[in-house]
Amino acid sequence: MKSENKSCVILIGMPGVGKSTAGVVLAKRLGYRFIDSDLLIQEREGRLLSEIIDRDGIDGFLAIENSVNSQIRAERCVIATGGSAVYGKNAMEHLGEIGTIVYLKQSYKNIEKRVGNLKGRGVAVRSGQTLKDLYNERCPLYEKYAQIIVDSEGLTLAETVEIIEARLREQ
């Protein structure tokens with residue numbers, strides 16, 4: 001069931017930017033449900049993200065992610081997506097129909113400090129691709145799909161959530 005009033009908030013951004021952490025707090029403040037799309041993928045597949053990537057490859061994982069995100073049916077929720085969700089055109093169009101897409105933006109330097117081991121996190125990274133390559137490839141996609149951009153660089157979790165709330169009220 002599609003929501004005509006775009007009652008969900010969808011958080012996008014690089015791995016390590018704090019989408020899930022901010023999403024849980026935002027959902028509590030709004031009185032919404034919280035959905036982590038990476039957990040939906042793991043639940044549907046019965047495997048960890050890193051296991052899906054190892055067995056099905058990056059393209060297989062991205063197809064699964066696009067499928068799962070395209071089928072989310074929810075209202076009054078905050079959805080934290082995986083960093084690679086923006087590769088799924090169908091999913092991003094669907095998410096834009098059910099909610100407001102918020103890009104949590106941070107500098108490469110800060111992301112690099114926060115991410116650590118790409119493979120262990122289940123990050124969709126191709127062979128030979130660096131975190132910097134991913135950052136440069138994905139940032140334009142985040143900006144393309146975002147209806148709200150929040151630069152959370154140097155902000156506390158509470159400040160980030162307050163800014164998201166304020167920007168949502170302006171919409």
# chains A, B, ... in the order shown; residues from 1 in each chain; ligands from 1

$ residues_around --residues "stretch 157-163 of chain A" --least-positions-apart "2" --cutoff "12 Å" --atoms "only C-alpha atoms" --output "ChimeraX atom specification"
/A:9,11,17-30,78,102-106,148-155,165-170

$ residues_around --residues "A:Phe61" --least-positions-apart "5" --cutoff "9 Å" --atoms "only C-alpha atoms" --output "list in words"
Leu49, Ile52, Ile53, Arg55, Asp56, Asn66 and Ala124 of chain A

$ select_by_dssp --residues "stretch 85-141 of chain A" --states "alpha helix (DSSP H)" --output "VMD selection string"
chain A and resid 89 to 98 108 to 115 131 to 141

$ write_last_selection --atoms "N, CA and C atoms" --output "PDB file, in the first residue's frame"
ATOM      1  N   LYS A  89      17.778   1.877  -8.827  1.00  0.00           N
ATOM      2  CA  LYS A  89      16.883   2.911  -9.360  1.00  0.00           C
ATOM      3  C   LYS A  89      15.425   2.657  -8.961  1.00  0.00           C
ATOM      4  N   ASN A  90      14.962   1.414  -9.116  1.00  0.00           N
ATOM      5  CA  ASN A  90      13.568   1.087  -8.754  1.00  0.00           C
ATOM      6  C   ASN A  90      13.321   1.348  -7.275  1.00  0.00           C
ATOM      7  N   ALA A  91      14.265   0.910  -6.454  1.00  0.00           N
ATOM      8  CA  ALA A  91      14.118   1.084  -5.005  1.00  0.00           C
ATOM      9  C   ALA A  91      14.085   2.561  -4.640  1.00  0.00           C
ATOM     10  N   MET A  92      14.966   3.356  -5.205  1.00  0.00           N
ATOM     11  CA  MET A  92      15.027   4.767  -4.851  1.00  0.00           C
ATOM     12  C   MET A  92      13.768   5.500  -5.308  1.00  0.00           C
ATOM     13  N   GLU A  93      13.236   5.126  -6.470  1.00  0.00           N
ATOM     14  CA  GLU A  93      11.981   5.733  -6.925  1.00  0.00           C
ATOM     15  C   GLU A  93      10.845   5.366  -5.966  1.00  0.00           C
ATOM     16  N   HIS A  94      10.797   4.097  -5.565  1.00  0.00           N
ATOM     17  CA  HIS A  94       9.762   3.635  -4.622  1.00  0.00           C
ATOM     18  C   HIS A  94       9.900   4.360  -3.281  1.00  0.00           C
ATOM     19  N   LEU A  95      11.114   4.426  -2.748  1.00  0.00           N
ATOM     20  CA  LEU A  95      11.326   5.071  -1.452  1.00  0.00           C
ATOM     21  C   LEU A  95      10.953   6.552  -1.514  1.00  0.00           C
ATOM     22  N   GLY A  96      11.224   7.188  -2.645  1.00  0.00           N
ATOM     23  CA  GLY A  96      10.838   8.585  -2.824  1.00  0.00           C
ATOM     24  C   GLY A  96       9.325   8.783  -2.866  1.00  0.00           C
ATOM     25  N   GLU A  97       8.601   7.733  -3.265  1.00  0.00           N
ATOM     26  CA  GLU A  97       7.131   7.794  -3.297  1.00  0.00           C
ATOM     27  C   GLU A  97       6.521   7.630  -1.900  1.00  0.00           C
ATOM     28  N   ILE A  98       7.173   6.840  -1.047  1.00  0.00           N
ATOM     29  CA  ILE A  98       6.585   6.589   0.276  1.00  0.00           C
ATOM     30  C   ILE A  98       7.143   7.513   1.350  1.00  0.00           C
ATOM     31  N   TYR A 108      34.868  12.827   3.424  1.00  0.00           N
ATOM     32  CA  TYR A 108      35.553  11.549   3.236  1.00  0.00           C
ATOM     33  C   TYR A 108      36.447  11.248   4.437  1.00  0.00           C
ATOM     34  N   LYS A 109      37.146  12.246   4.904  1.00  0.00           N
ATOM     35  CA  LYS A 109      38.088  12.073   6.031  1.00  0.00           C
ATOM     36  C   LYS A 109      37.361  11.486   7.249  1.00  0.00           C
ATOM     37  N   ASN A 110      36.191  11.994   7.554  1.00  0.00           N
ATOM     38  CA  ASN A 110      35.428  11.507   8.697  1.00  0.00           C
ATOM     39  C   ASN A 110      34.887  10.089   8.457  1.00  0.00           C
ATOM     40  N   ILE A 111      34.395   9.834   7.251  1.00  0.00           N
ATOM     41  CA  ILE A 111      33.890   8.497   6.903  1.00  0.00           C
ATOM     42  C   ILE A 111      35.020   7.475   7.041  1.00  0.00           C
ATOM     43  N   GLU A 112      36.185   7.832   6.544  1.00  0.00           N
ATOM     44  CA  GLU A 112      37.346   6.933   6.597  1.00  0.00           C
ATOM     45  C   GLU A 112      37.671   6.556   8.051  1.00  0.00           C
ATOM     46  N   LYS A 113      37.593   7.526   8.948  1.00  0.00           N
ATOM     47  CA  LYS A 113      37.861   7.277  10.370  1.00  0.00           C
ATOM     48  C   LYS A 113      36.832   6.325  10.973  1.00  0.00           C
ATOM     49  N   ARG A 114      35.587   6.442  10.542  1.00  0.00           N
ATOM     50  CA  ARG A 114      34.484   5.721  11.177  1.00  0.00           C
ATOM     51  C   ARG A 114      34.237   4.319  10.621  1.00  0.00           C
ATOM     52  N   VAL A 115      34.611   4.073   9.370  1.00  0.00           N
ATOM     53  CA  VAL A 115      34.207   2.833   8.708  1.00  0.00           C
ATOM     54  C   VAL A 115      35.019   1.609   9.108  1.00  0.00           C
ATOM     55  N   LEU A 131      37.695   2.831  -0.516  1.00  0.00           N
ATOM     56  CA  LEU A 131      36.648   3.617   0.132  1.00  0.00           C
ATOM     57  C   LEU A 131      36.519   4.981  -0.553  1.00  0.00           C
ATOM     58  N   LYS A 132      37.641   5.561  -0.938  1.00  0.00           N
ATOM     59  CA  LYS A 132      37.628   6.861  -1.621  1.00  0.00           C
ATOM     60  C   LYS A 132      36.892   6.748  -2.965  1.00  0.00           C
ATOM     61  N   ASP A 133      37.130   5.650  -3.687  1.00  0.00           N
ATOM     62  CA  ASP A 133      36.421   5.411  -4.954  1.00  0.00           C
ATOM     63  C   ASP A 133      34.909   5.351  -4.709  1.00  0.00           C
ATOM     64  N   LEU A 134      34.518   4.605  -3.667  1.00  0.00           N
ATOM     65  CA  LEU A 134      33.093   4.486  -3.334  1.00  0.00           C
ATOM     66  C   LEU A 134      32.497   5.852  -3.009  1.00  0.00           C
ATOM     67  N   TYR A 135      33.214   6.611  -2.205  1.00  0.00           N
ATOM     68  CA  TYR A 135      32.753   7.935  -1.791  1.00  0.00           C
ATOM     69  C   TYR A 135      32.517   8.826  -3.017  1.00  0.00           C
ATOM     70  N   ASN A 136      33.499   8.835  -3.917  1.00  0.00           N
ATOM     71  CA  ASN A 136      33.393   9.674  -5.124  1.00  0.00           C
ATOM     72  C   ASN A 136      32.279   9.208  -6.059  1.00  0.00           C
ATOM     73  N   GLU A 137      32.020   7.902  -6.089  1.00  0.00           N
ATOM     74  CA  GLU A 137      30.983   7.340  -6.957  1.00  0.00           C
ATOM     75  C   GLU A 137      29.579   7.567  -6.380  1.00  0.00           C
ATOM     76  N   ARG A 138      29.458   7.422  -5.058  1.00  0.00           N
ATOM     77  CA  ARG A 138      28.134   7.460  -4.438  1.00  0.00           C
ATOM     78  C   ARG A 138      27.627   8.859  -4.106  1.00  0.00           C
ATOM     79  N   CYS A 139      28.502   9.773  -3.728  1.00  0.00           N
ATOM     80  CA  CYS A 139      28.031  11.101  -3.304  1.00  0.00           C
ATOM     81  C   CYS A 139      27.123  11.778  -4.334  1.00  0.00           C
ATOM     82  N   PRO A 140      27.463  11.744  -5.622  1.00  0.00           N
ATOM     83  CA  PRO A 140      26.543  12.347  -6.600  1.00  0.00           C
ATOM     84  C   PRO A 140      25.176  11.650  -6.635  1.00  0.00           C
ATOM     85  N   LEU A 141      25.140  10.348  -6.376  1.00  0.00           N
ATOM     86  CA  LEU A 141      23.868   9.620  -6.349  1.00  0.00           C
ATOM     87  C   LEU A 141      23.049  10.010  -5.123  1.00  0.00           C
TER      88      LEU A 141
END

$ select_by_dssp --residues "chain A" --states "strand (DSSP E or B)" --output "list in words"
Cys8, Val9, Ile10, Leu11, Ile12, Arg33, Phe34, Ile35, Asp36, Cys77, Val78, Ile79, Ala80, Gly99, Thr100, Ile101, Val102, Tyr103, Leu104, Lys105, Ile148, Ile149, Val150 and Asp151 of chain A

$ atom_distance --atom1 "atom CA of A:Lys6" --atom2 "atom CA of A:Tyr145"
14.8 Å

$ closest_residue --among "A:Glu51, A:Tyr142, A:Arg126, A:Gly99" --to "A:Tyr87" --atoms "only C-alpha atoms"
A:Tyr142

$ decode --residues "stretch 110-151 of chain A" --atoms "N, CA and C atoms" --output "compact mmCIF listing (two decimals), in the first residue's frame"
# COMPACT_ATOMS: atom_id res chain seq x y z
N ASN A 110 36.19 11.99 7.55
CA ASN A 110 35.43 11.51 8.70
C ASN A 110 34.89 10.09 8.46
N ILE A 111 34.40 9.83 7.25
CA ILE A 111 33.89 8.50 6.90
C ILE A 111 35.02 7.48 7.04
N GLU A 112 36.18 7.83 6.54
CA GLU A 112 37.35 6.93 6.60
C GLU A 112 37.67 6.56 8.05
N LYS A 113 37.59 7.53 8.95
CA LYS A 113 37.86 7.28 10.37
C LYS A 113 36.83 6.32 10.97
N ARG A 114 35.59 6.44 10.54
CA ARG A 114 34.48 5.72 11.18
C ARG A 114 34.24 4.32 10.62
N VAL A 115 34.61 4.07 9.37
CA VAL A 115 34.21 2.83 8.71
C VAL A 115 35.02 1.61 9.11
N GLY A 116 36.33 1.71 9.12
CA GLY A 116 37.14 0.53 9.44
C GLY A 116 37.14 -0.46 8.30
N ASN A 117 36.94 -1.74 8.62
CA ASN A 117 37.02 -2.83 7.65
C ASN A 117 35.78 -2.87 6.75
N LEU A 118 35.98 -2.54 5.47
CA LEU A 118 34.87 -2.53 4.52
C LEU A 118 34.23 -3.91 4.37
N LYS A 119 35.06 -4.92 4.22
CA LYS A 119 34.54 -6.26 3.96
C LYS A 119 33.75 -6.80 5.15
N GLY A 120 34.24 -6.60 6.34
CA GLY A 120 33.58 -7.08 7.54
C GLY A 120 32.23 -6.42 7.78
N ARG A 121 32.07 -5.21 7.26
CA ARG A 121 30.81 -4.47 7.43
C ARG A 121 29.77 -4.88 6.40
N GLY A 122 30.16 -5.67 5.41
CA GLY A 122 29.20 -6.04 4.37
C GLY A 122 28.96 -4.90 3.41
N VAL A 123 30.01 -4.12 3.15
CA VAL A 123 29.90 -3.00 2.22
C VAL A 123 30.08 -3.51 0.80
N ALA A 124 29.21 -3.07 -0.10
CA ALA A 124 29.26 -3.49 -1.50
C ALA A 124 30.39 -2.76 -2.21
N VAL A 125 31.57 -3.37 -2.19
CA VAL A 125 32.75 -2.77 -2.81
C VAL A 125 33.33 -3.77 -3.81
N ARG A 126 33.59 -3.29 -5.01
CA ARG A 126 34.13 -4.17 -6.05
C ARG A 126 35.62 -4.39 -5.84
N SER A 127 36.13 -5.46 -6.39
CA SER A 127 37.54 -5.80 -6.27
C SER A 127 38.40 -4.63 -6.77
N GLY A 128 39.35 -4.22 -5.95
CA GLY A 128 40.24 -3.12 -6.32
C GLY A 128 39.68 -1.74 -6.02
N GLN A 129 38.44 -1.67 -5.63
CA GLN A 129 37.80 -0.38 -5.33
C GLN A 129 38.12 0.03 -3.89
N THR A 130 38.48 1.28 -3.71
CA THR A 130 38.80 1.80 -2.38
C THR A 130 37.59 2.53 -1.80
N LEU A 131 37.69 2.83 -0.52
CA LEU A 131 36.65 3.62 0.13
C LEU A 131 36.52 4.98 -0.55
N LYS A 132 37.64 5.56 -0.94
CA LYS A 132 37.63 6.86 -1.62
C LYS A 132 36.89 6.75 -2.97
N ASP A 133 37.13 5.65 -3.69
CA ASP A 133 36.42 5.41 -4.95
C ASP A 133 34.91 5.35 -4.71
N LEU A 134 34.52 4.60 -3.67
CA LEU A 134 33.09 4.49 -3.33
C LEU A 134 32.50 5.85 -3.01
N TYR A 135 33.21 6.61 -2.21
CA TYR A 135 32.75 7.93 -1.79
C TYR A 135 32.52 8.83 -3.02
N ASN A 136 33.50 8.84 -3.92
CA ASN A 136 33.39 9.67 -5.12
C ASN A 136 32.28 9.21 -6.06
N GLU A 137 32.02 7.90 -6.09
CA GLU A 137 30.98 7.34 -6.96
C GLU A 137 29.58 7.57 -6.38
N ARG A 138 29.46 7.42 -5.06
CA ARG A 138 28.13 7.46 -4.44
C ARG A 138 27.63 8.86 -4.11
N CYS A 139 28.50 9.77 -3.73
CA CYS A 139 28.03 11.10 -3.30
C CYS A 139 27.12 11.78 -4.33
N PRO A 140 27.46 11.74 -5.62
CA PRO A 140 26.54 12.35 -6.60
C PRO A 140 25.18 11.65 -6.63
N LEU A 141 25.14 10.35 -6.38
CA LEU A 141 23.87 9.62 -6.35
C LEU A 141 23.05 10.01 -5.12
N TYR A 142 23.72 10.15 -3.97
CA TYR A 142 23.00 10.59 -2.77
C TYR A 142 22.37 11.96 -3.01
N GLU A 143 23.13 12.85 -3.63
CA GLU A 143 22.62 14.21 -3.89
C GLU A 143 21.49 14.18 -4.91
N LYS A 144 21.56 13.28 -5.87
CA LYS A 144 20.52 13.16 -6.89
C LYS A 144 19.18 12.77 -6.27
N TYR A 145 19.20 11.81 -5.36
CA TYR A 145 17.95 11.29 -4.81
C TYR A 145 17.44 12.05 -3.58
N ALA A 146 18.29 12.79 -2.92
CA ALA A 146 17.91 13.45 -1.67
C ALA A 146 16.95 14.60 -1.89
N GLN A 147 15.95 14.68 -1.03
CA GLN A 147 15.07 15.84 -1.00
C GLN A 147 15.55 16.81 0.08
N ILE A 148 16.28 16.26 1.05
CA ILE A 148 16.89 17.06 2.11
C ILE A 148 18.32 16.57 2.28
N ILE A 149 19.27 17.51 2.38
CA ILE A 149 20.66 17.16 2.65
C ILE A 149 21.03 17.76 4.00
N VAL A 150 21.51 16.90 4.90
CA VAL A 150 21.94 17.35 6.22
C VAL A 150 23.43 17.05 6.37
N ASP A 151 24.22 18.11 6.45
CA ASP A 151 25.66 17.94 6.67
C ASP A 151 25.85 17.73 8.17
